[in-house]
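Read the structure below first, then the notes.
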Amino acid sequence: LPALGATTADPDADSDAGDDSPSGTGAGSDPDGDAQRPWSEPQRSDDFTAAELAPRWHWQANPAPQRWRTGEGRVDLAFAPSTRGDLRDLGAILSQQLPGRPSQWSVELHLPAPASGPIGTERAGLVVLGHSYAWAGLRRDEEGIFLVHSTMAKDVADEVPHTHQRLSAEHTADVTAVLHATVDGAGRVTLGASEISVREGSSTEHRTIAEAELT
């Protein structure tokens, strides 16, 4: 299972570090329309130490309980089959809504060594998803493990893939990376990766790879 570690978000807004209840200095109408209440951005970062996902997380379709688990500082996600490789078709994508303003996001991704058996193509990463999308992350196939990113335009049937770097020629390698997404005021997305480490075979030593920016 690929595992996501602590996820951090930095929307360009005042934010209370507490729960998701409204707070701050803005104002919004109550359901009756006759009062004003303060508001702010919800707390979006998550250390995944709770036994259940916070309400700010959602899926593209009803999740199968056996396909994920959380707690102990991470969330484990099972690989979901995709005939076309189009992320818009998949229900098993863990998501948050963007705040509608410039924001920065990061997540630690761990792709462990696979269990024994045939190797197909497996992908895990960070995506900014809509009618079009862009994602960056790790791809594992019989030729090894790669740092990749892809884009998909609206009303197009195929992704435009980009292979940035082969991290290991061994498909059994264990890889960890911190992935980043920055969304500017015009909606342009910049994807990046840092703190990439690779452990091959039975070695306990990690090989560190330099930070990369993928746009």
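Please note that chains go A, B, ... in the order of the structure tokens, that every chain numbers its residues from 1, and that ligands are numbered from 1 in the order shown.
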
Considering only strand (DSSP E or B) as DSSP defines it on the backbone, what residues of stretch 109-198 of chain A qualify? List them as a PyMOL selection string. chain A and resi 109-111+122-129+133-141+144-152+160-168+174-183+189-198

Using only C-alpha atoms, determine which residues lie at most 8 Å from stretch 56-67 of chain A, disregarding the query and same-chain residues fewer than 4 positions distant; provide the list as JSON, numbers by chain. {"A": [44, 77, 78, 79, 90, 91, 92, 93, 94, 95, 96]}

Taking N, CA, C and O atoms for each residue, export the selection above as a PDB file, in the first residue's frame.
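The resulting out_34.pdb:
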ATOM      1  N   ARG A  44      -6.748  22.768   7.473  1.00  0.00           N
ATOM      2  CA  ARG A  44      -6.617  21.821   6.365  1.00  0.00           C
ATOM      3  C   ARG A  44      -5.473  20.826   6.549  1.00  0.00           C
ATOM      4  O   ARG A  44      -5.487  19.760   5.951  1.00  0.00           O
ATOM      5  N   LEU A  77      -3.380   3.803   1.470  1.00  0.00           N
ATOM      6  CA  LEU A  77      -4.342   3.730   0.373  1.00  0.00           C
ATOM      7  C   LEU A  77      -4.017   2.538  -0.512  1.00  0.00           C
ATOM      8  O   LEU A  77      -2.862   2.362  -0.915  1.00  0.00           O
ATOM      9  N   ALA A  78      -5.014   1.743  -0.836  1.00  0.00           N
ATOM     10  CA  ALA A  78      -4.810   0.622  -1.747  1.00  0.00           C
ATOM     11  C   ALA A  78      -4.815   1.121  -3.183  1.00  0.00           C
ATOM     12  O   ALA A  78      -5.503   2.085  -3.520  1.00  0.00           O
ATOM     13  N   PHE A  79      -4.032   0.466  -4.039  1.00  0.00           N
ATOM     14  CA  PHE A  79      -4.060   0.798  -5.459  1.00  0.00           C
ATOM     15  C   PHE A  79      -5.421   0.436  -6.039  1.00  0.00           C
ATOM     16  O   PHE A  79      -5.984  -0.613  -5.740  1.00  0.00           O
ATOM     17  N   LEU A  90     -11.613   7.593 -11.340  1.00  0.00           N
ATOM     18  CA  LEU A  90     -11.376   6.841 -10.115  1.00  0.00           C
ATOM     19  C   LEU A  90     -12.130   7.420  -8.929  1.00  0.00           C
ATOM     20  O   LEU A  90     -12.118   8.634  -8.707  1.00  0.00           O
ATOM     21  N   GLY A  91     -12.777   6.539  -8.175  1.00  0.00           N
ATOM     22  CA  GLY A  91     -13.429   6.989  -6.959  1.00  0.00           C
ATOM     23  C   GLY A  91     -12.497   7.037  -5.771  1.00  0.00           C
ATOM     24  O   GLY A  91     -12.708   7.802  -4.828  1.00  0.00           O
ATOM     25  N   ALA A  92     -11.443   6.234  -5.787  1.00  0.00           N
ATOM     26  CA  ALA A  92     -10.556   6.079  -4.627  1.00  0.00           C
ATOM     27  C   ALA A  92      -9.445   7.120  -4.628  1.00  0.00           C
ATOM     28  O   ALA A  92      -8.262   6.785  -4.516  1.00  0.00           O
ATOM     29  N   ILE A  93      -9.815   8.389  -4.781  1.00  0.00           N
ATOM     30  CA  ILE A  93      -8.859   9.490  -4.666  1.00  0.00           C
ATOM     31  C   ILE A  93      -9.259  10.316  -3.457  1.00  0.00           C
ATOM     32  O   ILE A  93     -10.374  10.845  -3.393  1.00  0.00           O
ATOM     33  N   LEU A  94      -8.368  10.419  -2.489  1.00  0.00           N
ATOM     34  CA  LEU A  94      -8.623  11.162  -1.261  1.00  0.00           C
ATOM     35  C   LEU A  94      -8.368  12.641  -1.528  1.00  0.00           C
ATOM     36  O   LEU A  94      -7.285  13.012  -2.000  1.00  0.00           O
ATOM     37  N   SER A  95      -9.333  13.492  -1.202  1.00  0.00           N
ATOM     38  CA  SER A  95      -9.299  14.870  -1.699  1.00  0.00           C
ATOM     39  C   SER A  95      -9.710  15.879  -0.629  1.00  0.00           C
ATOM     40  O   SER A  95     -10.371  15.548   0.357  1.00  0.00           O
ATOM     41  N   GLN A  96      -9.296  17.129  -0.888  1.00  0.00           N
ATOM     42  CA  GLN A  96      -9.858  18.297  -0.242  1.00  0.00           C
ATOM     43  C   GLN A  96     -10.212  19.304  -1.327  1.00  0.00           C
ATOM     44  O   GLN A  96      -9.550  19.356  -2.360  1.00  0.00           O
TER      45      GLN A  96
END

Closest of A:Gly120, A:Gly137, A:Pro99, A:Pro81 to A:Thr163 - atom-to-atom distances counting only C-alpha atoms: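 The answer is A:Gly137, which sits nearest to A:Thr163.
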